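Pasting protein.cif here (mmCIF, C-alpha atoms):
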```cif
data_protein
#
loop_
_atom_site.label_atom_id
_atom_site.label_comp_id
_atom_site.auth_asym_id
_atom_site.auth_seq_id
_atom_site.Cartn_x
_atom_site.Cartn_y
_atom_site.Cartn_z
CA MET N 1 112.20 82.65 49.94
CA MET N 2 111.13 84.03 53.29
CA ALA N 3 110.98 87.51 51.80
CA PHE N 4 108.71 86.24 49.05
CA LYS N 5 106.33 84.66 51.57
CA TYR N 6 106.08 87.90 53.49
CA GLY N 7 105.63 89.79 50.24
CA VAL N 8 102.59 87.67 49.36
CA LEU N 9 101.28 88.15 52.88
CA LEU N 10 101.77 91.91 52.67
CA PHE N 11 100.07 92.10 49.29
CA VAL N 12 97.03 90.21 50.54
CA PHE N 13 97.01 92.59 53.50
CA TRP N 14 97.20 95.62 51.19
CA PHE N 15 94.41 94.25 49.04
CA LEU N 16 92.10 93.60 52.00
CA LEU N 17 92.74 97.10 53.30
CA SER N 18 92.11 98.89 50.03
CA GLY N 19 89.57 96.69 48.27
CA HIS N 20 90.44 98.09 44.82
CA PHE N 21 90.55 96.05 41.63
CA GLU N 22 91.85 98.60 39.10
CA PRO N 23 95.08 97.46 37.40
CA LEU N 24 96.87 100.76 38.06
CA LEU N 25 96.11 100.65 41.78
CA LEU N 26 97.09 96.99 41.94
CA LEU N 27 100.42 97.87 40.34
CA LEU N 28 100.94 100.71 42.79
CA GLY N 29 100.16 98.36 45.66
CA LEU N 30 102.65 95.84 44.29
CA ALA N 31 105.26 98.59 44.08
CA SER N 32 104.66 99.63 47.68
CA VAL N 33 104.89 96.01 48.85
CA MET N 34 108.19 95.61 47.00
CA LEU N 35 109.52 98.82 48.53
CA THR N 36 108.54 97.55 51.98
CA ILE N 37 110.28 94.22 51.40
CA PHE N 38 113.37 96.05 50.15
CA LEU N 39 113.43 98.25 53.25
CA MET N 40 112.91 95.22 55.48
CA LYS N 41 115.82 93.42 53.87
CA ARG N 42 117.96 96.51 54.30
CA MET N 43 116.99 96.82 57.96
CA ASN N 44 117.58 93.07 58.36
CA VAL N 45 114.33 92.48 60.22
CA ILE N 46 113.06 89.48 58.26
CA ASP N 47 113.56 86.70 60.76
CA HIS N 48 111.69 84.41 63.11
CA GLU N 49 111.42 86.99 65.84
CA SER N 50 109.60 89.69 63.93
CA TYR N 51 107.33 87.22 62.11
CA PRO N 52 106.82 84.21 64.36
CA LEU N 53 105.02 82.10 61.77
CA HIS N 54 106.55 78.97 63.27
CA LEU N 55 104.37 79.42 66.35
CA SER N 56 101.13 79.71 64.42
CA SER N 57 100.14 76.08 64.97
CA ARG N 58 100.03 76.59 68.72
CA PHE N 59 98.49 80.05 68.51
CA PRO N 60 94.73 79.25 68.33
CA ALA N 61 94.78 77.21 71.55
CA PHE N 62 96.66 80.04 73.24
CA LEU N 63 94.14 82.59 71.97
CA VAL N 64 91.22 80.59 73.36
CA TYR N 65 93.02 80.28 76.69
CA ILE N 66 93.93 83.96 76.89
CA PHE N 67 90.42 85.11 75.98
CA ARG N 68 88.97 82.95 78.74
CA GLU N 69 91.49 84.31 81.21
CA ILE N 70 90.75 87.90 80.12
CA GLY N 71 87.04 87.34 80.60
CA LYS N 72 87.47 85.88 84.08
CA ALA N 73 89.92 88.58 85.18
CA ASN N 74 87.67 91.33 83.79
CA ILE N 75 84.66 90.14 85.75
CA ASP N 76 86.77 89.99 88.90
CA VAL N 77 88.19 93.50 88.45
CA ILE N 78 84.76 94.93 87.59
CA LYS N 79 83.44 93.45 90.83
CA ARG N 80 86.32 95.07 92.72
CA ILE N 81 85.62 98.45 91.14
CA VAL N 82 81.91 98.36 91.92
CA THR N 83 82.32 97.18 95.50
CA TYR N 84 85.49 99.15 96.26
CA ARG N 85 85.23 100.96 99.59
CA GLY N 86 88.91 101.40 100.31
CA LYS N 87 89.69 97.85 101.35
CA PHE N 88 88.57 95.33 98.77
CA ILE N 89 91.82 95.47 96.88
CA SER N 90 95.24 94.45 98.09
CA PRO N 91 97.86 95.69 95.65
CA GLN N 92 101.16 93.89 95.76
CA LEU N 93 104.34 93.31 93.85
CA VAL N 94 105.28 89.71 93.15
CA GLU N 95 108.35 88.29 91.49
CA ILE N 96 107.87 85.44 89.06
CA THR N 97 110.58 83.34 87.47
CA LEU N 98 110.33 82.98 83.73
CA PRO N 99 110.37 79.38 82.49
CA GLN N 100 110.51 80.38 78.82
CA LYS N 101 113.66 79.68 76.81
CA THR N 102 113.41 82.25 74.02
CA ASP N 103 113.06 86.00 74.13
CA LEU N 104 109.90 85.71 72.07
CA GLY N 105 108.30 83.41 74.62
CA ARG N 106 109.23 85.81 77.41
CA ALA N 107 107.72 88.73 75.51
CA ILE N 108 104.51 86.81 74.87
CA TYR N 109 104.32 85.85 78.54
CA ALA N 110 104.81 89.43 79.73
CA ASN N 111 102.21 90.64 77.26
CA ALA N 112 99.74 87.99 78.37
CA ILE N 113 100.26 88.99 82.01
CA THR N 114 99.66 92.63 81.20
CA LEU N 115 96.70 91.84 78.99
CA THR N 116 94.75 90.16 81.76
CA PRO N 117 93.38 92.96 83.93
CA GLY N 118 94.47 92.74 87.53
CA THR N 119 98.12 92.09 86.75
CA VAL N 120 100.61 94.43 85.09
CA SER N 121 104.20 93.45 84.42
CA VAL N 122 106.37 96.24 85.76
CA GLU N 123 109.91 95.05 85.26
CA LEU N 124 111.19 92.46 82.82
CA ALA N 125 114.63 90.98 83.43
CA LYS N 126 116.46 88.03 81.93
CA ASP N 127 114.95 85.30 84.04
CA LYS N 128 112.38 86.96 86.25
CA ILE N 129 109.52 89.36 85.95
CA ILE N 130 108.09 91.72 88.54
CA VAL N 131 104.31 91.95 88.45
CA HIS N 132 102.03 94.43 90.13
CA ALA N 133 98.85 92.58 91.06
CA LEU N 134 95.62 94.23 92.09
CA THR N 135 94.60 91.48 94.47
CA LYS N 136 96.27 88.73 96.44
CA GLU N 137 94.18 86.16 94.56
CA ALA N 138 95.49 87.34 91.20
CA ALA N 139 99.06 87.21 92.49
CA ASP N 140 98.60 83.70 93.86
CA ASP N 141 96.97 82.59 90.63
CA LEU N 142 99.95 83.85 88.68
CA SER N 143 102.44 82.17 91.01
CA THR N 144 100.98 78.75 90.26
CA GLY N 145 102.38 79.07 86.75
CA ASN N 146 99.31 77.86 84.89
CA MET N 147 99.58 80.68 82.41
CA ALA N 148 103.23 79.98 81.70
CA LYS N 149 102.34 76.50 80.46
CA ALA N 150 99.93 77.87 77.88
CA ILE N 151 102.41 80.25 76.26
CA PRO N 152 103.47 79.13 72.79
CA ASP N 153 107.22 78.88 73.07
CA GLN N 154 109.33 76.39 71.23
CA ALA N 155 112.86 76.50 70.00
CA ILE N 156 113.29 77.22 66.32
CA ASN N 157 114.50 73.90 64.95
CA LYS N 158 116.88 74.46 62.11
CA MET D 1 67.08 89.02 64.40
CA ILE D 2 69.05 87.01 66.93
CA ILE D 3 72.23 88.55 65.57
CA ASP D 4 70.75 92.02 66.04
CA VAL D 5 69.85 91.30 69.65
CA LEU D 6 73.32 89.86 70.29
CA SER D 7 75.08 92.83 68.76
CA TRP D 8 72.93 95.31 70.71
CA LEU D 9 73.65 93.43 73.90
CA SER D 10 77.39 93.48 73.30
CA LEU D 11 77.34 97.15 72.25
CA ILE D 12 75.51 98.18 75.40
CA GLY D 13 77.62 95.86 77.53
CA GLY D 14 80.76 97.38 76.07
CA GLY D 15 79.55 100.90 76.78
CA LEU D 16 78.65 100.00 80.35
CA ILE D 17 81.98 98.32 80.99
CA GLY D 18 83.74 101.38 79.58
CA ILE D 19 81.91 103.60 82.06
CA ILE D 20 82.76 101.19 84.90
CA GLY D 21 86.42 101.31 83.89
CA ALA D 22 86.30 105.11 83.86
CA ILE D 23 84.78 105.08 87.34
CA GLY D 24 87.53 102.69 88.35
CA ILE D 25 90.29 105.11 87.40
CA HIS D 26 88.64 107.65 89.70
CA ARG D 27 88.09 105.27 92.59
CA PHE D 28 91.37 103.43 92.87
CA PRO D 29 93.93 105.01 95.16
CA ASP D 30 97.20 105.05 93.22
CA PHE D 31 98.67 104.94 89.75
CA TYR D 32 99.45 101.23 89.62
CA SER D 33 95.98 100.11 90.63
CA ARG D 34 94.48 102.58 88.16
CA GLN D 35 96.39 100.73 85.47
CA HIS D 36 94.18 97.72 86.08
CA ALA D 37 91.06 99.79 85.51
CA THR D 38 92.59 101.00 82.26
CA GLY D 39 93.21 97.38 81.36
CA ILE D 40 89.50 96.65 81.53
CA ALA D 41 88.69 99.38 79.06
CA ASP D 42 91.45 98.23 76.73
CA THR D 43 90.39 94.59 76.63
CA LEU D 44 86.79 93.65 77.38
CA CYS D 45 85.17 96.99 76.48
CA ALA D 46 86.94 97.23 73.14
CA MET D 47 86.27 93.56 72.50
CA LEU D 48 82.54 93.84 73.12
CA ILE D 49 82.02 97.05 71.15
CA LEU D 50 84.00 95.82 68.15
CA LEU D 51 82.21 92.47 68.34
CA GLY D 52 78.86 94.22 68.31
CA LEU D 53 79.85 96.35 65.34
CA GLY D 54 81.23 93.29 63.56
CA LEU D 55 77.95 91.45 64.01
CA GLN D 56 76.18 94.42 62.43
CA ALA D 57 78.63 94.52 59.54
CA GLY D 58 78.32 90.84 58.67
CA LEU D 59 80.93 89.23 56.45
CA SER D 60 82.44 92.18 54.63
CA LEU D 61 85.51 94.35 54.32
CA ALA D 62 84.26 96.44 57.24
CA ALA D 63 84.28 93.39 59.51
CA PHE D 64 87.86 92.70 58.49
CA LYS D 65 88.86 96.26 59.32
CA LEU D 66 87.16 95.98 62.69
CA ALA D 67 89.09 92.78 63.34
CA LEU D 68 92.27 94.59 62.36
CA ILE D 69 91.52 97.46 64.76
CA PHE D 70 90.97 94.88 67.46
CA ILE D 71 94.26 93.15 66.68
CA PHE D 72 96.13 96.46 66.84
CA LEU D 73 94.58 97.32 70.19
CA PHE D 74 95.23 93.78 71.39
CA PHE D 75 98.94 94.03 70.61
CA THR D 76 99.65 97.64 71.50
CA SER D 77 97.71 98.11 74.74
CA PRO D 78 99.76 95.70 76.90
CA THR D 79 102.96 97.20 75.54
CA ALA D 80 101.79 100.70 76.37
CA SER D 81 100.70 99.62 79.86
CA HIS D 82 104.01 97.90 80.50
CA VAL D 83 106.02 100.87 79.27
CA LEU D 84 103.98 103.21 81.46
CA ALA D 85 104.31 101.06 84.58
CA ASN D 86 108.02 100.53 83.93
CA ALA D 87 108.61 104.26 83.46
CA ALA D 88 106.68 105.07 86.61
CA MET D 89 108.70 102.50 88.57
CA HIS D 90 112.00 103.85 87.23
CA GLY D 91 110.79 107.37 87.85
CA GLY D 92 110.57 106.57 91.55
CA LEU D 93 106.82 106.38 91.98
CA LYS D 94 106.28 103.97 94.86
CA PRO D 95 103.21 101.74 94.60
CA LYS D 96 100.82 101.88 97.53
CA LEU D 97 101.22 98.32 98.69
CA ASP D 98 98.77 96.67 100.92
CA SER D 99 99.62 95.46 104.39
CA VAL D 100 96.61 96.31 106.53
CA ALA D 101 93.86 94.96 104.34
CA THR D 102 95.61 91.65 103.76
CA GLU D 103 95.96 91.09 107.48
CA GLU D 104 92.34 91.99 108.01
CA ARG D 105 91.15 89.56 105.43
CA SER D 106 93.33 86.59 106.26
CA MET U 1 71.38 101.70 69.25
CA PHE U 2 74.67 103.09 68.01
CA ILE U 3 73.64 106.39 69.57
CA VAL U 4 73.39 104.81 73.03
CA THR U 5 76.84 103.28 72.64
CA SER U 6 78.38 106.52 71.44
CA LEU U 7 76.77 108.37 74.36
CA ALA U 8 78.22 105.81 76.77
CA ILE U 9 81.64 106.28 75.18
CA LEU U 10 81.24 110.06 75.48
CA VAL U 11 80.49 109.74 79.21
CA THR U 12 83.59 107.58 79.54
CA LEU U 13 85.60 110.18 77.67
CA GLY U 14 84.44 112.88 80.06
CA LEU U 15 85.41 110.84 83.12
CA VAL U 16 88.79 109.93 81.64
CA LEU U 17 89.46 113.54 80.72
CA ALA U 18 88.66 114.56 84.29
CA ARG U 19 91.30 112.10 85.50
CA ALA U 20 93.76 113.45 82.96
CA LEU U 21 93.19 116.97 84.27
CA MET U 22 93.24 116.01 87.96
CA GLY U 23 95.89 113.30 87.88
CA PRO U 24 98.32 113.78 90.74
CA THR U 25 101.32 112.43 88.84
CA VAL U 26 102.32 112.81 85.22
CA TYR U 27 101.99 109.04 84.73
CA ASP U 28 98.34 109.20 85.71
CA ARG U 29 97.80 111.78 83.03
CA ILE U 30 99.56 109.73 80.39
CA ALA U 31 97.63 106.58 81.35
CA ALA U 32 94.39 108.56 81.11
CA ILE U 33 95.36 109.91 77.71
CA ASN U 34 96.21 106.40 76.56
CA MET U 35 92.75 105.21 77.56
CA PHE U 36 91.27 108.34 75.98
CA GLY U 37 92.87 107.38 72.68
CA THR U 38 91.52 103.83 72.87
CA LYS U 39 88.04 105.19 73.52
CA ILE U 40 88.36 107.62 70.63
CA VAL U 41 89.21 104.71 68.33
CA LEU U 42 86.05 102.93 69.47
CA LEU U 43 84.03 106.12 69.07
CA ILE U 44 85.26 106.59 65.51
CA ALA U 45 84.35 102.98 64.73
CA VAL U 46 80.84 103.49 66.13
CA LEU U 47 80.52 106.76 64.23
CA ALA U 48 81.38 104.95 60.99
CA PHE U 49 78.37 102.72 61.52
CA LEU U 50 76.21 105.60 62.71
CA SER U 51 76.82 107.57 59.53
CA GLY U 52 76.98 104.49 57.29
CA ARG U 53 80.31 105.51 55.73
CA MET U 54 82.73 102.63 56.13
CA ASP U 55 85.71 104.70 54.97
CA ILE U 56 85.86 106.18 58.45
CA LEU U 57 87.09 102.82 59.75
CA ASP U 58 90.44 103.51 58.09
CA ILE U 59 90.80 106.59 60.25
CA ALA U 60 90.12 104.50 63.34
CA LEU U 61 92.80 102.06 62.23
CA VAL U 62 95.40 104.75 61.76
CA TYR U 63 94.38 106.43 65.01
CA ALA U 64 94.94 103.18 66.91
CA LEU U 65 98.53 103.08 65.65
CA ILE U 66 99.24 106.77 66.17
CA ASN U 67 97.85 106.55 69.70
CA PHE U 68 100.38 103.88 70.65
CA ILE U 69 103.29 105.72 69.05
CA SER U 70 102.32 109.00 70.70
CA VAL U 71 102.06 107.43 74.16
CA VAL U 72 105.51 105.89 73.83
CA ALA U 73 106.93 109.14 72.44
CA VAL U 74 105.44 111.28 75.22
CA LEU U 75 106.74 108.82 77.81
CA LYS U 76 110.19 109.02 76.30
CA LEU U 77 110.02 112.79 76.41
CA VAL U 78 108.93 112.69 80.06
CA VAL U 79 111.51 110.13 81.14
CA TYR U 80 114.57 111.21 79.14
CA GLY U 81 113.81 114.84 78.45
CA ASP U 82 114.36 114.47 74.71
CA PHE U 83 113.47 112.13 71.87
CA HIS U 84 116.85 110.90 70.75
CA SER U 85 118.73 109.52 73.75
CA SER U 86 118.42 105.83 74.48
CA GLU U 87 120.85 105.11 77.34
CA ASP U 88 119.39 105.44 80.79
CA GLU U 89 122.50 106.72 82.57
CA ASN U 90 120.81 109.33 84.71
CA ILE U 91 117.97 107.14 85.88
CA LYS U 92 118.45 105.04 88.97
CA PRO U 93 116.28 101.95 89.00
CA VAL U 94 114.16 101.71 92.10
CA LYS U 95 114.49 98.54 94.11
CA ALA U 96 111.14 96.84 94.06
CA GLY U 97 110.06 95.08 97.18
#
```

Just give me the structure as structure tokens.
Amino acid sequence: MMAFKYGVLLFVFWFLLSGHFEPLLLLLGLASVMLTIFLMKRMNVIDHESYPLHLSSRFPAFLVYIFREIGKANIDVIKRIVTYRGKFISPQLVEITLPQKTDLGRAIYANAITLTPGTVSVELAKDKIIVHALTKEAADDLSTGNMAKAIPDQAINK
Amino acid sequence: MIIDVLSWLSLIGGGLIGIIGAIGIHRFPDFYSRQHATGIADTLCAMLILLGLGLQAGLSLAAFKLALIFIFLFFTSPTASHVLANAAMHGGLKPKLDSVATEERS
Amino acid sequence: MFIVTSLAILVTLGLVLARALMGPTVYDRIAAINMFGTKIVLLIAVLAFLSGRMDILDIALVYALINFISVVAVLKLVVYGDFHSSEDENIKPVKAG
């Protein structure tokens, strides 16, 4: 069932990428989608972790939040670059505990940290994450844990 | 008309921010702080340029492909940055941490 | 207008390439090349609109993927010395602090 859903998704994806209507090409696309699904089943990668569709309801809010954060952080870092005279940055390493339960939530959190300019996750362990921050403000901002609350992370209820 | 102006603005803004990011990787003192300048170019610059192009394309297959390029960059760039920083840290490259400037400022 | 953008991207490319050539450590060079690849993707996308041939966007798409794979592969080569080992026995993690 899951494989079928992903097959439909993949076929729509193939169609949008190619934009062809000819029956032969459609058949070839179908064949390639089926081959991909077969390989995925063989590799055993069809699960909630590789296709987190169960998080999609919380994803738009997270996207809006992350885009706003990216914008703010970008403006800050651009200001630092333009005014940099050797002392307007204060690089530091901070250690942050991860509140997320699942590996997927942790990965999304680390990616979100790296995606906002000014902070780069350097080391990812089981329950903590070491972040290199460009400024003290960015490090303090991260330590408050506001971003962690916005991460879509819920247990897969089965 | 308005869409044209908007797309030109975002195209030029993207180009400018790209140049600022490139200046940043020359100005910042060590590898880890240069990563942040790279982050600018990967996020806001790419966002603005692809947004400008998408506004020019309108609703078409080209706009979808632009969105797809953006999604790929959006997912791969943090991973690449993290892998790079992690490898540099494991390779023994010490970050130039700040002690003087923080004391001066606080 | 596309010409202005592509010129701006070309200037960026020049600056990034200078960092890749100067870079004191190998990681600086790889980071610069990573950014170079991102900029090339954007340049190809702008060129598609400049020439009016939308097929070029596919190349940009594939380049974005290849860029990521190549950065990870080069890093693996730099860190491990070959492409096939996965255990980090000979690398001592540095205490961060």

_I'd like the neighbourhood of range 92-100 of chain N as a PyMOL selection string, where a residue qualifies if any of its atoms comes within 7 Å (using all atoms listed in the file), though same-chain residues fewer than 3 positions away should be ignored._
(chain N and resi 105-106+127-134+139+143+153) or (chain D and resi 97-98) or (chain U and resi 97)

(Q) Selection in question (the file shown): the PyMOL selection byres ((chain U) within 7 of (chain D)). Which residues does it include, as a ChimeraX atom specification? (A) /U:1,5,8-9,11-12,15-16,19,27-28,35,38,42,54,57,61,64,68,72,79,91-94

Given the file shown, determine the residues that the PyMOL selection byres ((chain N) within 8 of (chain D)) selects; report them as a PyMOL selection string.
chain N and resi 16-17+19+70-71+74+77-78+81-82+84+87-93+111-112+114-123+132+134+136

Students should find that CA of Ser60 in chain D and CA of Pro60 in chain N are spaced 22.5 Å

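For the pair CA of Ile56 in chain U and CA of Leu39 in chain N, the separation is 29.2 Å.
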
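Here CA of Ala138 in chain N is placed at a distance of 8.3 Å from CA of Ala73 in chain N.
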
Worksheet item: Of the residues U:Leu50, U:Val41, U:Val26, U:Val62, which is the one nearest to chain N, using all atoms listed in the file?
Response: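 Checking each candidate against chain N, we get U:Val62 as the closest.
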
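Distance annotation: of N:Ser18, N:Arg42, N:Glu69, N:Val33, the residue with the minimal separation from chain U is N:Ser18; atom set is only C-alpha atoms.
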